[in-house]
Structures are given as structure tokens and as C-alpha cells.
Amino acid sequence: MDDFFSWLERSSLGEAVRTTPMVYSSLESVHILGIALLVGPALAFDLRLLGVGRQLLPVTAAARHLLPLSRFGLALAVMTGVVMFVSGAVAVGNSGAAPWKLGLLIVAGVNVAAFHWGVYRGVAAWDIDVPTPARARMAAVVSTLVWCGVIAAGRLLAYT
Ligand code: HEM
């Protein structure tokens, strides 16, 4: 794996990111903006699934407004994250936090897919003013914990 990581790092993209002033720090800034756009709306939606604003806000309206923002934030975080990874692949790839971050991102993806293909199909029955089903509340708890874990693992990449 180390050979692959150092090949990535020595690629022209890796060299360019490392040697051009301000590029890495700009990527980090956009990474953080992406995280904010991803995790903020995701947690707001999770709170609605847990019952906050139940009388005011239909779950479907919350989903329509918040989840496209989350998807846009994810796209920004993934694109900038991959480029930052290429420029420092040996250190980041060997960080103890890297498998946690990757593993938690996979768990987050599976949780989103299970929610949308599962309990969310029946949302018409619990759109507004009724308690959400236990499976929806469980998905919200998992989502909240997992996104917090991804942020912690991302921050730890630089230290472990
Ligand atoms: C495929 C997706 C992603 C990749 C490849 C990736 C990769 C990276 C890399 C290479 C760094 C820089 C580490 C360093 O400077 O030592 C980083 C930082 C970070 N990442 Fe990601 N990331 C991805 C997605 C995400 C997501 C979705 C989140 C949060 C929900 C996240 C949270 C963070 C955090 C909090 C930091 C630290 C930022 C800082 O302190 O400046 N990352 N990521």
C-alpha cells in the first residue's frame, strides 16, 4: 500500500498541490465549508426525525429543503478530501484515524440508503404531527453519531 501512496503523492496533482502556495489551505477551507453544508442540514433533518418541530414541519418538506444541501456539501467534502489525500497520501493513508474515517463514511452511506429505501417509503403515514417510527428515529441517532465520528476522525488525521 505504501508504494501506491507514494506514487499518488509524487503524481503531478500531488506535487502541484504541495508546491503551489495557498492551494492546500484553500482546499481545507472548502473541505470545512462542505462539512458544514453536509452535517448542518443532516443534523437538522435528524432532529426532525426525532420529533423536533413535529407540529410545524412535514418530514417531506424538511427532506426536500435540507437533503439537497447535504448532498452538495458531501460532494464538496469528497472532491477536496480526495485532492488533499493525493497530496499527502503517505502520512494520511498511514494515520490511525484513516480506517475509522473511511469505515464511518461507509456506515453513513449504508444508513442513508437503508433509511431512504426502507422506512422513508412509508413517510406519508407519519409526515406531520405524529411520532416518527422507531426505525426512522434509530436512523437519525445513527446518522448524528456517525457524522460526529467522521468529523472527529477527520480532525485526528493530522495527529495520529
Ligand atoms: C472521500 C471523502 C473524504 C476524504 C478523502 C477526506 C480526506 C481528508 C484529508 C486528506 C484531510 C486533511 C488531513 C490533514 O490535513 O492532515 C481531511 C481533513 C478533515 N476532514 Fe475529510 N475527507 C473526506 C470527507 C470528509 C467528510 C464527509 C467529513 C465530515 C463529515 C470530513 C471531515 C474532516 C475534518 C473535520 C478534517 C480536519 C479539517 C481541519 O482540521 O482543517 N471529511 N479530510
# chains A, B, ... in the order shown; residues from 1 in each chain; ligands from 1
call {"tool": "residues_around", "arguments": {"residues": "A:Ala36", "least_positions_apart": "5", "cutoff": "9 Å", "atoms": "only C-alpha atoms", "output": "VMD selection string"}}
result
chain A and resid 31 41 70 73
call {"tool": "write_last_selection", "arguments": {"atoms": "N, CA and C atoms", "output": "PDB file, in the first residue's frame"}}
result
ATOM      1  N   HIS A  31     -13.106  22.237   2.158  1.00  0.00           N
ATOM      2  CA  HIS A  31     -13.469  20.972   2.833  1.00  0.00           C
ATOM      3  C   HIS A  31     -14.362  21.286   4.041  1.00  0.00           C
ATOM      4  N   PRO A  41     -27.311  20.567   7.751  1.00  0.00           N
ATOM      5  CA  PRO A  41     -28.646  20.132   7.323  1.00  0.00           C
ATOM      6  C   PRO A  41     -28.961  18.678   7.702  1.00  0.00           C
ATOM      7  N   SER A  70     -27.255  18.950   1.848  1.00  0.00           N
ATOM      8  CA  SER A  70     -26.351  17.944   2.389  1.00  0.00           C
ATOM      9  C   SER A  70     -25.576  17.231   1.279  1.00  0.00           C
ATOM     10  N   GLY A  73     -22.939  19.524  -0.036  1.00  0.00           N
ATOM     11  CA  GLY A  73     -21.825  19.581   0.914  1.00  0.00           C
ATOM     12  C   GLY A  73     -20.967  18.329   0.839  1.00  0.00           C
TER      13      GLY A  73
END
call {"tool": "closest_atom_pairs", "arguments": {"of": "chain A", "to": "ligand 1", "cutoff": "7 Å", "atoms": "only C-alpha atoms and all ligand atoms", "output": "CSV"}}
result
residue,atom,partner,partner_atom_place_in_ligand_line,distance
A:Glu28,CA,ligand 1,41 (O),5.4
A:His31,CA,ligand 1,21 (Fe),6.7
A:Ile32,CA,ligand 1,38 (C),6.3
A:Ile35,CA,ligand 1,29 (C),4.9
A:Leu38,CA,ligand 1,30 (C),6.7
A:Val39,CA,ligand 1,30 (C),6.0
A:Leu74,CA,ligand 1,27 (C),5.7
A:Ala77,CA,ligand 1,24 (C),5.0
A:Val78,CA,ligand 1,2 (C),3.9
A:Gly81,CA,ligand 1,6 (C),3.5
A:Val82,CA,ligand 1,5 (C),4.0
A:Met84,CA,ligand 1,10 (C),4.4
A:Phe85,CA,ligand 1,10 (C),3.7
A:Gly88,CA,ligand 1,10 (C),6.9
A:Val92,CA,ligand 1,16 (O),6.1
A:Leu105,CA,ligand 1,27 (C),6.8
A:Trp147,CA,ligand 1,30 (C),5.3
A:Val150,CA,ligand 1,29 (C),5.1
A:Ile151,CA,ligand 1,35 (C),4.0
A:Ala152,CA,ligand 1,35 (C),6.1
A:Gly154,CA,ligand 1,33 (C),3.6
A:Arg155,CA,ligand 1,37 (C),3.8
A:Leu157,CA,ligand 1,16 (O),5.0
A:Ala158,CA,ligand 1,16 (O),3.6
call {"tool": "write_last_selection", "arguments": {"atoms": "C-alpha atoms", "output": "mmCIF file, in the first residue's frame"}}
result
data_model
loop_
_atom_site.group_PDB
_atom_site.id
_atom_site.type_symbol
_atom_site.label_atom_id
_atom_site.label_comp_id
_atom_site.auth_asym_id
_atom_site.auth_seq_id
_atom_site.Cartn_x
_atom_site.Cartn_y
_atom_site.Cartn_z
ATOM 1 C CA GLU A 28 -9.003 22.754 3.590
ATOM 2 C CA HIS A 31 -13.469 20.972 2.833
ATOM 3 C CA ILE A 32 -14.736 22.631 6.006
ATOM 4 C CA ILE A 35 -18.627 19.636 6.036
ATOM 5 C CA LEU A 38 -23.319 18.389 4.775
ATOM 6 C CA VAL A 39 -23.540 17.936 8.536
ATOM 7 C CA LEU A 74 -20.850 15.914 0.608
ATOM 8 C CA ALA A 77 -16.051 17.471 1.010
ATOM 9 C CA VAL A 78 -15.338 14.389 -1.119
ATOM 10 C CA GLY A 81 -10.754 15.499 0.528
ATOM 11 C CA VAL A 82 -9.579 13.313 -2.345
ATOM 12 C CA MET A 84 -5.812 16.705 -0.201
ATOM 13 C CA PHE A 85 -5.359 12.976 0.240
ATOM 14 C CA GLY A 88 -0.228 13.787 1.413
ATOM 15 C CA VAL A 92 -2.742 10.458 5.756
ATOM 16 C CA LEU A 105 -18.233 7.179 5.885
ATOM 17 C CA TRP A 147 -21.290 12.299 11.272
ATOM 18 C CA VAL A 150 -16.391 11.335 10.824
ATOM 19 C CA ILE A 151 -15.588 14.890 11.949
ATOM 20 C CA ALA A 152 -13.553 13.605 14.912
ATOM 21 C CA GLY A 154 -11.058 13.799 10.078
ATOM 22 C CA ARG A 155 -9.578 16.108 12.684
ATOM 23 C CA LEU A 157 -5.911 12.526 10.661
ATOM 24 C CA ALA A 158 -3.341 15.230 11.381
#
call {"tool": "residues_around", "arguments": {"residues": "A:Leu57", "least_positions_apart": "5", "cutoff": "9 Å", "atoms": "only C-alpha atoms", "output": "JSON, numbers by chain"}}
result
{"A": [48, 52, 62, 127, 128, 129]}
call {"tool": "closest_residue", "arguments": {"among": "A:Gly40, A:Gly93, A:Gly51, A:Pro58", "to": "A:Leu8", "atoms": "only C-alpha atoms"}}
result
A:Gly93
call {"tool": "atom_distance", "arguments": {"atom1": "atom CA of A:Met79", "atom2": "atom CA of A:Ala16"}}
result
16.0 Å
call {"tool": "select_by_dssp", "arguments": {"residues": "stretch 7-136 of chain A", "states": "helix (DSSP H, G or I)", "output": "PyMOL selection string"}}
result
chain A and resi 7-10+12-19+23-49+59-87+89-93+98-117+119-126+134-136
call {"tool": "residues_around", "arguments": {"residues": "A:Leu47", "least_positions_apart": "6", "cutoff": "9 Å", "atoms": "only C-alpha atoms", "output": "mmCIF file with all heavy atoms, in the first residue's frame"}}
result
data_model
loop_
_atom_site.group_PDB
_atom_site.id
_atom_site.type_symbol
_atom_site.label_atom_id
_atom_site.label_comp_id
_atom_site.auth_asym_id
_atom_site.auth_seq_id
_atom_site.Cartn_x
_atom_site.Cartn_y
_atom_site.Cartn_z
ATOM 1 N N GLY A 53 -40.057 19.964 16.092
ATOM 2 C CA GLY A 53 -40.830 20.672 15.063
ATOM 3 C C GLY A 53 -41.918 19.808 14.438
ATOM 4 O O GLY A 53 -42.377 20.095 13.329
ATOM 5 N N ARG A 137 -36.314 6.977 13.842
ATOM 6 C CA ARG A 137 -35.584 7.606 14.955
ATOM 7 C C ARG A 137 -34.208 6.965 15.130
ATOM 8 O O ARG A 137 -33.216 7.641 15.396
ATOM 9 C CB ARG A 137 -36.409 7.517 16.239
ATOM 10 C CG ARG A 137 -37.443 8.639 16.306
ATOM 11 C CD ARG A 137 -38.299 8.559 17.536
ATOM 12 N NE ARG A 137 -39.433 7.672 17.312
ATOM 13 C CZ ARG A 137 -39.861 6.746 18.152
ATOM 14 N NH1 ARG A 137 -39.246 6.550 19.297
ATOM 15 N NH2 ARG A 137 -40.905 6.001 17.851
ATOM 16 N N ALA A 140 -31.882 8.325 12.617
ATOM 17 C CA ALA A 140 -31.455 9.681 12.984
ATOM 18 C C ALA A 140 -30.342 9.638 14.032
ATOM 19 O O ALA A 140 -29.360 10.389 13.946
ATOM 20 C CB ALA A 140 -32.645 10.477 13.514
ATOM 21 N N VAL A 141 -30.478 8.733 15.009
ATOM 22 C CA VAL A 141 -29.446 8.628 16.057
ATOM 23 C C VAL A 141 -28.125 8.148 15.442
ATOM 24 O O VAL A 141 -27.056 8.703 15.686
ATOM 25 C CB VAL A 141 -29.910 7.669 17.188
ATOM 26 C CG1 VAL A 141 -28.777 7.363 18.151
ATOM 27 C CG2 VAL A 141 -31.095 8.278 17.932
ATOM 28 N N THR A 144 -26.541 10.988 13.387
ATOM 29 C CA THR A 144 -25.907 12.015 14.233
ATOM 30 C C THR A 144 -24.574 11.521 14.780
ATOM 31 O O THR A 144 -23.553 12.215 14.693
ATOM 32 C CB THR A 144 -26.859 12.384 15.402
ATOM 33 O OG1 THR A 144 -28.078 12.882 14.842
ATOM 34 C CG2 THR A 144 -26.254 13.435 16.306
#
call {"tool": "closest_residue", "arguments": {"among": "A:Gly96, A:Arg135, A:Val112, A:Val123", "to": "A:Ala61", "atoms": "only C-alpha atoms"}}
result
A:Val123
call {"tool": "closest_residue", "arguments": {"among": "A:Ala108, A:Val119, A:Leu76, A:Ala97", "to": "A:Ala153", "atoms": "only C-alpha atoms"}}
result
A:Ala97
call {"tool": "decode", "arguments": {"residues": "stretch 20-43 of chain A", "atoms": "N, CA, C and O atoms", "output": "short mmCIF file (atom, residue, chain, number, x, y, z; two decimals), in the first residue's frame"}}
result
data_model
loop_
_atom_site.label_atom_id
_atom_site.label_comp_id
_atom_site.auth_asym_id
_atom_site.auth_seq_id
_atom_site.Cartn_x
_atom_site.Cartn_y
_atom_site.Cartn_z
N THR A 20 2.31 24.56 -4.67
CA THR A 20 1.71 25.85 -5.04
C THR A 20 1.16 26.53 -3.77
O THR A 20 0.35 25.93 -3.05
N PRO A 21 1.64 27.77 -3.52
CA PRO A 21 1.21 28.44 -2.29
C PRO A 21 -0.32 28.56 -2.22
O PRO A 21 -0.96 28.77 -3.25
N MET A 22 -0.84 28.42 -1.05
CA MET A 22 -2.27 28.65 -0.75
C MET A 22 -3.22 27.55 -1.23
O MET A 22 -4.39 27.56 -0.88
N VAL A 23 -2.74 26.61 -2.05
CA VAL A 23 -3.69 25.63 -2.60
C VAL A 23 -4.20 24.71 -1.49
O VAL A 23 -5.41 24.50 -1.34
N TYR A 24 -3.26 24.16 -0.68
CA TYR A 24 -3.71 23.19 0.34
C TYR A 24 -4.65 23.87 1.35
O TYR A 24 -5.70 23.33 1.70
N SER A 25 -4.26 25.10 1.77
CA SER A 25 -5.10 25.76 2.78
C SER A 25 -6.47 26.11 2.19
O SER A 25 -7.48 26.07 2.89
N SER A 26 -6.50 26.45 0.87
CA SER A 26 -7.80 26.75 0.25
C SER A 26 -8.65 25.48 0.18
O SER A 26 -9.86 25.51 0.42
N LEU A 27 -8.01 24.35 -0.15
CA LEU A 27 -8.75 23.08 -0.20
C LEU A 27 -9.33 22.76 1.18
O LEU A 27 -10.48 22.33 1.30
N GLU A 28 -8.51 23.01 2.22
CA GLU A 28 -9.00 22.75 3.59
C GLU A 28 -10.21 23.62 3.91
O GLU A 28 -11.18 23.15 4.52
N SER A 29 -10.16 24.90 3.48
CA SER A 29 -11.29 25.80 3.74
C SER A 29 -12.55 25.28 3.06
O SER A 29 -13.63 25.25 3.66
N VAL A 30 -12.41 24.87 1.79
CA VAL A 30 -13.61 24.39 1.07
C VAL A 30 -14.07 23.05 1.67
O VAL A 30 -15.27 22.77 1.75
N HIS A 31 -13.11 22.24 2.16
CA HIS A 31 -13.47 20.97 2.83
C HIS A 31 -14.36 21.29 4.04
O HIS A 31 -15.40 20.65 4.23
N ILE A 32 -13.97 22.28 4.80
CA ILE A 32 -14.74 22.63 6.01
C ILE A 32 -16.10 23.21 5.63
O ILE A 32 -17.11 22.91 6.26
N LEU A 33 -16.13 24.03 4.56
CA LEU A 33 -17.43 24.56 4.09
C LEU A 33 -18.33 23.39 3.67
O LEU A 33 -19.53 23.35 4.01
N GLY A 34 -17.75 22.42 2.97
CA GLY A 34 -18.52 21.23 2.57
C GLY A 34 -19.05 20.48 3.78
O GLY A 34 -20.21 20.05 3.80
N ILE A 35 -18.20 20.34 4.81
CA ILE A 35 -18.63 19.64 6.04
C ILE A 35 -19.81 20.36 6.67
O ILE A 35 -20.79 19.74 7.10
N ALA A 36 -19.71 21.71 6.71
CA ALA A 36 -20.80 22.49 7.32
C ALA A 36 -22.10 22.27 6.55
O ALA A 36 -23.17 22.05 7.14
N LEU A 37 -22.00 22.32 5.20
CA LEU A 37 -23.21 22.17 4.38
C LEU A 37 -23.76 20.75 4.43
O LEU A 37 -24.96 20.52 4.24
N LEU A 38 -22.88 19.78 4.66
CA LEU A 38 -23.32 18.39 4.78
C LEU A 38 -23.92 18.11 6.16
O LEU A 38 -25.06 17.64 6.28
N VAL A 39 -23.16 18.40 7.19
CA VAL A 39 -23.54 17.94 8.54
C VAL A 39 -24.63 18.82 9.15
O VAL A 39 -25.54 18.31 9.81
N GLY A 40 -24.57 20.14 8.90
CA GLY A 40 -25.61 21.03 9.47
C GLY A 40 -27.01 20.59 9.05
O GLY A 40 -27.84 20.22 9.91
N PRO A 41 -27.31 20.57 7.75
CA PRO A 41 -28.65 20.13 7.32
C PRO A 41 -28.96 18.68 7.70
O PRO A 41 -30.11 18.35 8.03
N ALA A 42 -27.96 17.80 7.69
CA ALA A 42 -28.22 16.39 8.05
C ALA A 42 -28.69 16.31 9.51
O ALA A 42 -29.66 15.62 9.82
N LEU A 43 -28.01 17.06 10.39
CA LEU A 43 -28.41 17.01 11.80
C LEU A 43 -29.77 17.69 12.02
O LEU A 43 -30.56 17.25 12.86
#
